[in-house]
Amino acid sequence: DRVSAVFVPVVLLISLLTLLGWGLATGDWQGALLNAVAVQVIACPCAPGLATPTGIMVGTGSAARHGILIKDAAALETAHALRVVAFDKTGTLTEGRPQVLAVEGADPRRVLALAWAVQQYSEHPLAHAVAAAARDAGLALPAATDARALPGRGVQARLDGEPVYLGNLRLMRELGADVGAGQDGGQSTEQGNCAAALHGAAARHEADGRTVSWLATGAEGALALRGLLVFGDRIKPTSRAAVAGLQALGIEVVMLTGDNAGSAAAVARELGLSHFLAELLPGDKADALRALGADGRKVAMVGDGINDAPALAAADVGIAMAGGTDVAMHTAGITLMRGDPLLVQDAIAISRRTYRKIRQNLAWAFVYNV
C-alpha cells in the first residue's frame, strides 16, 4: 500500500511533464498527448500490486507445510518485526496434562470428592486431573448445581445448598477466607489451626514449583477452608530450546501466568527465563502486553486457553496452540498445529523470509517500470 501510494502519483506526474515537455518543445500537442498516454500505458501498476499478495501466498503455503496455520495475513507481515514474545505457562510451555500429586486437609478423600463435584463441568486441564484422581481413588461423584467458572480465579458450585469454591489464592482472598498463617479472623480454634496447617503446606508445595488450588465452603465473608489440592505438570521437551532459540534471535521472552509465583519461578528457572509475571487475571495479561509494547516494540502472545484470549487479541501477533480452546484459536492470527513451542521461532523465520521476498518483488517491479 505504501509503495502504490507513491507509485501512482509519480507516474501521473511524469505523464504530465511528458505532455508539457513535448507540447512546449515541438508545438505538436497531439503528439504530446500520445506520448503522455504512452507513459501511463507502459507503466505497470500490476507488478507492485502483485508483489505483496504473491509473497504472502507463498509464505502462508510454506508455513502450512511446517504445521503453522496463518489465518491473518497481517500477522505474517508483522511477525518479522517482533521484539518480545510472551508465553502462557500451562499447556503452552508445559504439557498441559497436570496430575494431582497431593491432597491436604482434615479429610483428604472428602476434599477430593468436593473438588471433583465443583468442577465436573469444566474443561480446564486441572479439572481433568481432579476427575482422574477421584476415579482412581474409587470416589462417587457428588451432585452439584449452579456450577460456573470464575475466569482467572477458579470455579464455584453448590452442594446440598452450600456454596463450594475451588480456586487460587486470589479467589480465597477476594472471598475473605483466612489464607494467612492462621491469624484469628473470627474463626474457631479448630478452623484457625486448619488454616495455619494448610498455609504451611501450600508454602512448601509452592516452593517446590507446584500449582496449588484451595477448597473452601460457606457463604462469602464466612468461608471455611477445607483443604487444598497440589498439581504437577511437566515442561514440554522442546520448551527450553524454543526459549533459547528466540533469545538467540535477539527477542525478549517473557512468561505470563495465572499460576502462583512459586510454580512460575520454578518453570522460569528451568527454562532460563529472567522475566515472568505470576497470579495474573486474563485482563492483567492483556495489560502486561500493552506495557511491554509501550515503547513501540512489536509483541506476540502465545497461549492456548480461554484465559489467554484477551491477551491474544491485545498482542500485535496472537499465536495459539492447536490443542487449546476454540476461543484461543479463533482469536489468534496464527495457530501452531502441533502445539510445539519451537514452531514460534519457525513462524518468525518464515515471516522474515516472506517480508524479504516482498521487498525483492517490489524492487524488481520498480526496476521494470524504470
# chains A, B, ... in the order shown; residues from 1 in each chain; ligands from 1
call {"tool": "residues_around", "arguments": {"residues": "range 299-314 of chain A", "least_positions_apart": "3", "cutoff": "8 Å", "atoms": "only C-alpha atoms", "output": "VMD selection string"}}
result
chain A and resid 79 82 to 89 91 to 92 151 to 152 281 to 283 285 to 287 289 to 290 292 to 293 317 to 325 327 to 329 331 to 332
call {"tool": "residues_around", "arguments": {"residues": "Ala268 in chain A", "least_positions_apart": "4", "cutoff": "12 Å", "atoms": "only C-alpha atoms", "output": "ChimeraX atom specification"}}
result
/A:87-89,93-94,209,235,239-240,243,253-257,261-264,272-278
call {"tool": "closest_atom_pairs", "arguments": {"of": "range 91-208 of chain A", "to": "range 218-222 of chain A", "cutoff": "8 Å", "atoms": "only C-alpha atoms", "output": "Markdown table"}}
result
| residue | atom | partner | partner_atom | distance |
| --- | --- | --- | --- | --- |
| A:Glu162 | CA | A:Gly218 | CA | 6.1 |
| A:Pro163 | CA | A:Gly218 | CA | 5.4 |
| A:Val164 | CA | A:Gly218 | CA | 6.6 |
| A:Leu175 | CA | A:Glu220 | CA | 5.3 |
| A:Gly176 | CA | A:Gly221 | CA | 5.0 |
| A:Ala177 | CA | A:Gly221 | CA | 7.0 |
call {"tool": "closest_residue", "arguments": {"among": "A:His330, A:Arg153, A:Arg158, A:Arg2", "to": "Ala117 in chain A", "atoms": "only C-alpha atoms"}}
result
A:Arg158
call {"tool": "select_by_dssp", "arguments": {"residues": "range 159-339 of chain A", "states": "strand (DSSP E)", "output": "number ranges by chain"}}
result
A: 159, 162-167, 211-217, 224-232, 252-256, 276-277, 298-303, 317-321, 334-336
call {"tool": "write_last_selection", "arguments": {"atoms": "N, CA and C atoms", "output": "compact mmCIF listing (two decimals), in the first residue's frame"}}
result
# COMPACT_ATOMS: atom_id res chain seq x y z
N LEU A 159 -23.37 -27.52 46.66
CA LEU A 159 -23.58 -28.92 47.02
C LEU A 159 -24.47 -28.97 48.26
N GLU A 162 -25.08 -25.65 49.84
CA GLU A 162 -23.96 -24.89 50.41
C GLU A 162 -22.98 -24.50 49.30
N PRO A 163 -22.55 -23.23 49.25
CA PRO A 163 -21.57 -22.82 48.24
C PRO A 163 -20.22 -23.50 48.47
N VAL A 164 -19.62 -23.94 47.36
CA VAL A 164 -18.29 -24.55 47.41
C VAL A 164 -17.43 -23.85 46.38
N TYR A 165 -16.22 -23.47 46.78
CA TYR A 165 -15.30 -22.75 45.90
C TYR A 165 -14.00 -23.53 45.78
N LEU A 166 -13.48 -23.58 44.57
CA LEU A 166 -12.17 -24.18 44.33
C LEU A 166 -11.40 -23.23 43.42
N GLY A 167 -10.26 -22.76 43.89
CA GLY A 167 -9.52 -21.82 43.07
C GLY A 167 -8.19 -21.43 43.66
N THR A 211 1.54 -26.31 41.56
CA THR A 211 0.33 -25.49 41.49
C THR A 211 -0.61 -25.90 42.61
N VAL A 212 -1.14 -24.92 43.32
CA VAL A 212 -2.00 -25.19 44.48
C VAL A 212 -3.38 -24.60 44.25
N SER A 213 -4.42 -25.41 44.46
CA SER A 213 -5.80 -24.95 44.41
C SER A 213 -6.42 -25.12 45.78
N TRP A 214 -7.10 -24.08 46.26
CA TRP A 214 -7.71 -24.09 47.58
C TRP A 214 -9.18 -24.45 47.48
N LEU A 215 -9.67 -25.22 48.46
CA LEU A 215 -11.08 -25.59 48.53
C LEU A 215 -11.68 -24.97 49.78
N ALA A 216 -12.81 -24.29 49.61
CA ALA A 216 -13.48 -23.66 50.74
C ALA A 216 -14.99 -23.80 50.58
N THR A 217 -15.70 -23.79 51.69
CA THR A 217 -17.16 -23.89 51.67
C THR A 217 -17.74 -22.78 52.54
N ALA A 224 -15.00 -21.16 55.14
CA ALA A 224 -14.17 -22.09 55.91
C ALA A 224 -13.30 -22.88 54.95
N LEU A 225 -12.00 -22.83 55.15
CA LEU A 225 -11.09 -23.61 54.31
C LEU A 225 -11.21 -25.09 54.66
N ARG A 226 -11.33 -25.92 53.61
CA ARG A 226 -11.48 -27.36 53.82
C ARG A 226 -10.24 -28.14 53.40
N GLY A 227 -9.46 -27.58 52.52
CA GLY A 227 -8.27 -28.30 52.07
C GLY A 227 -7.68 -27.66 50.84
N LEU A 228 -6.69 -28.32 50.30
CA LEU A 228 -6.08 -27.84 49.06
C LEU A 228 -5.59 -29.03 48.24
N LEU A 229 -5.51 -28.82 46.94
CA LEU A 229 -5.03 -29.84 46.02
C LEU A 229 -3.74 -29.34 45.39
N VAL A 230 -2.80 -30.25 45.22
CA VAL A 230 -1.49 -29.91 44.69
C VAL A 230 -1.31 -30.61 43.34
N PHE A 231 -0.95 -29.82 42.31
CA PHE A 231 -0.82 -30.34 40.96
C PHE A 231 0.62 -30.19 40.47
N GLY A 232 1.02 -31.12 39.63
CA GLY A 232 2.31 -31.04 38.97
C GLY A 232 2.14 -31.23 37.48
N GLU A 252 13.16 -10.74 23.25
CA GLU A 252 12.93 -10.90 24.69
C GLU A 252 11.79 -11.89 24.91
N VAL A 253 12.01 -12.86 25.79
CA VAL A 253 11.00 -13.87 26.07
C VAL A 253 10.48 -13.67 27.49
N VAL A 254 9.16 -13.61 27.63
CA VAL A 254 8.50 -13.35 28.90
C VAL A 254 7.45 -14.43 29.14
N MET A 255 7.24 -14.80 30.40
CA MET A 255 6.19 -15.76 30.73
C MET A 255 5.11 -15.05 31.55
N LEU A 256 3.86 -15.18 31.12
CA LEU A 256 2.71 -14.60 31.82
C LEU A 256 1.79 -15.74 32.25
N PHE A 276 9.24 -12.91 34.33
CA PHE A 276 7.94 -13.58 34.34
C PHE A 276 7.02 -12.83 35.29
N LEU A 277 5.72 -12.94 35.03
CA LEU A 277 4.69 -12.35 35.89
C LEU A 277 3.70 -13.44 36.25
N LYS A 298 7.16 -4.48 18.85
CA LYS A 298 6.11 -5.40 18.45
C LYS A 298 6.12 -6.60 19.40
N VAL A 299 4.93 -6.97 19.89
CA VAL A 299 4.81 -8.00 20.92
C VAL A 299 3.90 -9.12 20.43
N ALA A 300 4.31 -10.37 20.68
CA ALA A 300 3.48 -11.54 20.37
C ALA A 300 3.07 -12.22 21.66
N MET A 301 1.90 -12.84 21.64
CA MET A 301 1.42 -13.64 22.76
C MET A 301 1.17 -15.05 22.28
N VAL A 302 1.69 -16.03 23.03
CA VAL A 302 1.50 -17.45 22.70
C VAL A 302 0.70 -18.08 23.83
N GLY A 303 -0.48 -18.60 23.53
CA GLY A 303 -1.32 -19.19 24.56
C GLY A 303 -2.25 -20.25 24.00
N VAL A 317 0.74 -9.75 17.45
CA VAL A 317 0.58 -11.05 16.80
C VAL A 317 0.14 -12.06 17.85
N GLY A 318 -1.04 -12.65 17.66
CA GLY A 318 -1.53 -13.69 18.56
C GLY A 318 -1.23 -15.06 17.98
N ILE A 319 -0.63 -15.95 18.80
CA ILE A 319 -0.25 -17.29 18.36
C ILE A 319 -0.89 -18.29 19.31
N ALA A 320 -1.72 -19.19 18.78
CA ALA A 320 -2.43 -20.16 19.61
C ALA A 320 -1.92 -21.57 19.34
N MET A 321 -2.00 -22.40 20.37
CA MET A 321 -1.67 -23.82 20.26
C MET A 321 -2.91 -24.58 19.80
N ILE A 334 -2.35 -16.65 14.18
CA ILE A 334 -1.51 -17.78 13.80
C ILE A 334 -1.82 -18.94 14.75
N THR A 335 -1.97 -20.14 14.20
CA THR A 335 -2.19 -21.34 15.02
C THR A 335 -1.09 -22.35 14.74
N LEU A 336 -0.48 -22.86 15.81
CA LEU A 336 0.56 -23.88 15.69
C LEU A 336 -0.12 -25.25 15.76
call {"tool": "select_by_dssp", "arguments": {"residues": "range 189-220 of chain A", "states": "alpha helix (DSSP H)", "output": "tab-separated table (two decimals) with all heavy atoms, in the first residue's frame"}}
result
chain	number	residue	atom	x	y	z
A	189	THR	N	-11.03	-22.06	67.00
A	189	THR	CA	-9.64	-22.51	67.14
A	189	THR	C	-9.34	-23.63	66.17
A	189	THR	O	-8.27	-23.66	65.54
A	189	THR	CB	-9.40	-22.99	68.58
A	189	THR	OG1	-9.69	-21.93	69.49
A	189	THR	CG2	-7.95	-23.43	68.75
A	190	GLU	N	-10.30	-24.52	65.98
A	190	GLU	CA	-10.08	-25.64	65.06
A	190	GLU	C	-9.90	-25.15	63.63
A	190	GLU	O	-9.00	-25.58	62.91
A	190	GLU	CB	-11.27	-26.60	65.14
A	190	GLU	CG	-11.12	-27.82	64.21
A	190	GLU	CD	-12.31	-28.75	64.31
A	190	GLU	OE1	-13.20	-28.50	65.15
A	190	GLU	OE2	-12.35	-29.71	63.53
A	191	GLN	N	-10.75	-24.19	63.23
A	191	GLN	CA	-10.62	-23.64	61.88
A	191	GLN	C	-9.32	-22.88	61.72
A	191	GLN	O	-8.67	-22.94	60.67
A	191	GLN	CB	-11.82	-22.73	61.59
A	191	GLN	CG	-13.13	-23.47	61.42
A	191	GLN	CD	-14.31	-22.52	61.26
A	191	GLN	OE1	-14.28	-21.40	61.75
A	191	GLN	NE2	-15.35	-22.99	60.59
A	192	GLY	N	-8.92	-22.15	62.75
A	192	GLY	CA	-7.66	-21.41	62.69
A	192	GLY	C	-6.48	-22.34	62.56
A	192	GLY	O	-5.56	-22.08	61.78
A	193	ASN	N	-6.51	-23.44	63.30
A	193	ASN	CA	-5.41	-24.42	63.19
A	193	ASN	C	-5.38	-25.06	61.81
A	193	ASN	O	-4.31	-25.30	61.24
A	193	ASN	CB	-5.58	-25.50	64.27
A	193	ASN	CG	-5.34	-24.97	65.68
A	193	ASN	OD1	-4.67	-23.93	65.84
A	193	ASN	ND2	-5.88	-25.65	66.68
A	194	CYS	N	-6.56	-25.32	61.25
A	194	CYS	CA	-6.64	-25.90	59.91
A	194	CYS	C	-6.05	-24.93	58.89
A	194	CYS	O	-5.29	-25.32	58.01
A	194	CYS	CB	-8.09	-26.23	59.57
A	194	CYS	SG	-8.32	-26.89	57.91
A	195	ALA	N	-6.42	-23.64	59.01
A	195	ALA	CA	-5.91	-22.64	58.07
A	195	ALA	C	-4.40	-22.53	58.18
A	195	ALA	O	-3.70	-22.41	57.16
A	195	ALA	CB	-6.56	-21.28	58.35
A	196	ALA	N	-3.88	-22.58	59.41
A	196	ALA	CA	-2.43	-22.49	59.59
A	196	ALA	C	-1.72	-23.69	58.96
A	196	ALA	O	-0.68	-23.54	58.31
A	196	ALA	CB	-2.10	-22.39	61.08
A	197	ALA	N	-2.30	-24.89	59.17
A	197	ALA	CA	-1.69	-26.09	58.60
A	197	ALA	C	-1.72	-26.04	57.07
A	197	ALA	O	-0.73	-26.40	56.41
A	197	ALA	CB	-2.42	-27.32	59.11
A	198	LEU	N	-2.84	-25.61	56.50
A	198	LEU	CA	-2.95	-25.53	55.06
A	198	LEU	C	-2.01	-24.48	54.49
A	198	LEU	O	-1.42	-24.67	53.42
A	198	LEU	CB	-4.39	-25.22	54.65
A	198	LEU	CG	-5.42	-26.33	54.91
A	198	LEU	CD1	-6.82	-25.84	54.58
A	198	LEU	CD2	-5.09	-27.58	54.11
A	199	HIS	N	-1.87	-23.36	55.18
A	199	HIS	CA	-0.96	-22.31	54.73
A	199	HIS	C	0.46	-22.83	54.68
A	199	HIS	O	1.20	-22.59	53.71
A	199	HIS	CB	-1.04	-21.10	55.66
A	199	HIS	CG	-0.09	-20.00	55.29
A	199	HIS	ND1	1.19	-19.93	55.79
A	199	HIS	CD2	-0.22	-18.95	54.45
A	199	HIS	CE1	1.80	-18.87	55.29
A	199	HIS	NE2	0.98	-18.26	54.48
A	200	GLY	N	0.87	-23.56	55.71
A	200	GLY	CA	2.22	-24.12	55.72
A	200	GLY	C	2.43	-25.13	54.61
A	200	GLY	O	3.48	-25.14	53.95
A	201	ALA	N	1.41	-25.98	54.37
A	201	ALA	CA	1.52	-26.98	53.31
A	201	ALA	C	1.59	-26.30	51.94
A	201	ALA	O	2.38	-26.70	51.08
A	201	ALA	CB	0.32	-27.93	53.37
A	202	ALA	N	0.76	-25.28	51.75
A	202	ALA	CA	0.77	-24.57	50.47
A	202	ALA	C	2.13	-23.92	50.21
A	202	ALA	O	2.65	-23.97	49.08
A	202	ALA	CB	-0.33	-23.50	50.45
A	203	ALA	N	2.71	-23.32	51.24
A	203	ALA	CA	4.02	-22.68	51.07
A	203	ALA	C	5.07	-23.69	50.67
A	203	ALA	O	5.92	-23.42	49.80
A	203	ALA	CB	4.41	-21.98	52.37
A	204	ARG	N	5.03	-24.88	51.27
A	204	ARG	CA	6.02	-25.93	50.92
A	204	ARG	C	5.85	-26.38	49.48
A	204	ARG	O	6.83	-26.50	48.74
A	204	ARG	CB	5.87	-27.12	51.87
A	204	ARG	CG	6.31	-26.86	53.30
A	204	ARG	CD	6.44	-28.18	54.07
A	204	ARG	NE	5.21	-28.95	54.06
A	204	ARG	CZ	4.22	-28.82	54.93
A	204	ARG	NH1	4.30	-27.89	55.88
A	204	ARG	NH2	3.14	-29.58	54.87
A	205	HIS	N	4.62	-26.62	49.09
A	205	HIS	CA	4.38	-27.12	47.73
A	205	HIS	C	4.71	-26.05	46.68
A	205	HIS	O	5.27	-26.37	45.62
A	205	HIS	CB	2.94	-27.57	47.58
A	205	HIS	CG	2.61	-28.81	48.34
A	205	HIS	ND1	3.27	-30.01	48.14
A	205	HIS	CD2	1.69	-29.05	49.33
A	205	HIS	CE1	2.77	-30.94	48.94
A	205	HIS	NE2	1.81	-30.38	49.67
A	206	GLU	N	4.36	-24.81	46.96
A	206	GLU	CA	4.67	-23.74	46.00
A	206	GLU	C	6.18	-23.55	45.87
A	206	GLU	O	6.68	-23.25	44.77
A	206	GLU	CB	4.00	-22.44	46.43
A	206	GLU	CG	2.48	-22.47	46.24
A	206	GLU	CD	1.82	-21.17	46.68
A	206	GLU	OE1	2.56	-20.26	47.13
A	206	GLU	OE2	0.58	-21.07	46.60
A	207	ALA	N	6.92	-23.71	46.97
A	207	ALA	CA	8.37	-23.60	46.91
A	207	ALA	C	8.97	-24.70	46.03
A	207	ALA	O	10.05	-24.52	45.44
A	207	ALA	CB	8.96	-23.68	48.32
call {"tool": "atom_distance", "arguments": {"atom1": "CA of Tyr121 in chain A", "atom2": "CA of Val155 in chain A"}}
result
9.9 Å
call {"tool": "closest_residue", "arguments": {"among": "A:Leu17, A:Ala106, A:Cys46, A:His128", "to": "Leu33 in chain A", "atoms": "only C-alpha atoms"}}
result
A:Leu17
call {"tool": "decode", "arguments": {"residues": "range 90-118 of chain A", "atoms": "C-alpha atoms", "output": "PDB file, in the first residue's frame"}}
result
ATOM      1  CA  THR A  90       0.145 -24.184  31.428  1.00  0.00           C
ATOM      2  CA  GLY A  91      -0.419 -26.032  28.160  1.00  0.00           C
ATOM      3  CA  THR A  92       1.985 -23.792  26.264  1.00  0.00           C
ATOM      4  CA  LEU A  93       5.381 -24.224  27.879  1.00  0.00           C
ATOM      5  CA  THR A  94       4.183 -27.190  29.936  1.00  0.00           C
ATOM      6  CA  GLU A  95       2.390 -30.246  28.583  1.00  0.00           C
ATOM      7  CA  GLY A  96      -0.983 -29.155  29.951  1.00  0.00           C
ATOM      8  CA  ARG A  97      -1.638 -32.603  31.428  1.00  0.00           C
ATOM      9  CA  PRO A  98      -1.271 -31.959  35.178  1.00  0.00           C
ATOM     10  CA  GLN A  99      -1.641 -34.646  37.793  1.00  0.00           C
ATOM     11  CA  VAL A 100      -2.864 -34.444  41.371  1.00  0.00           C
ATOM     12  CA  LEU A 101       0.242 -35.021  43.481  1.00  0.00           C
ATOM     13  CA  ALA A 102      -1.238 -34.433  46.931  1.00  0.00           C
ATOM     14  CA  VAL A 103      -4.470 -33.590  48.725  1.00  0.00           C
ATOM     15  CA  GLU A 104      -4.214 -31.711  52.019  1.00  0.00           C
ATOM     16  CA  GLY A 105      -6.956 -31.336  54.628  1.00  0.00           C
ATOM     17  CA  ALA A 106      -8.562 -32.973  57.616  1.00  0.00           C
ATOM     18  CA  ASP A 107     -10.386 -35.424  55.297  1.00  0.00           C
ATOM     19  CA  PRO A 108      -8.447 -35.701  52.003  1.00  0.00           C
ATOM     20  CA  ARG A 109     -10.999 -38.013  50.378  1.00  0.00           C
ATOM     21  CA  ARG A 110     -13.819 -35.580  51.121  1.00  0.00           C
ATOM     22  CA  VAL A 111     -11.717 -32.699  49.802  1.00  0.00           C
ATOM     23  CA  LEU A 112     -11.050 -34.573  46.560  1.00  0.00           C
ATOM     24  CA  ALA A 113     -14.727 -35.517  46.182  1.00  0.00           C
ATOM     25  CA  LEU A 114     -15.864 -31.905  46.647  1.00  0.00           C
ATOM     26  CA  ALA A 115     -13.243 -30.684  44.183  1.00  0.00           C
ATOM     27  CA  TRP A 116     -14.440 -33.228  41.616  1.00  0.00           C
ATOM     28  CA  ALA A 117     -18.063 -32.184  42.091  1.00  0.00           C
ATOM     29  CA  VAL A 118     -17.495 -28.443  41.854  1.00  0.00           C
TER      30      VAL A 118
END
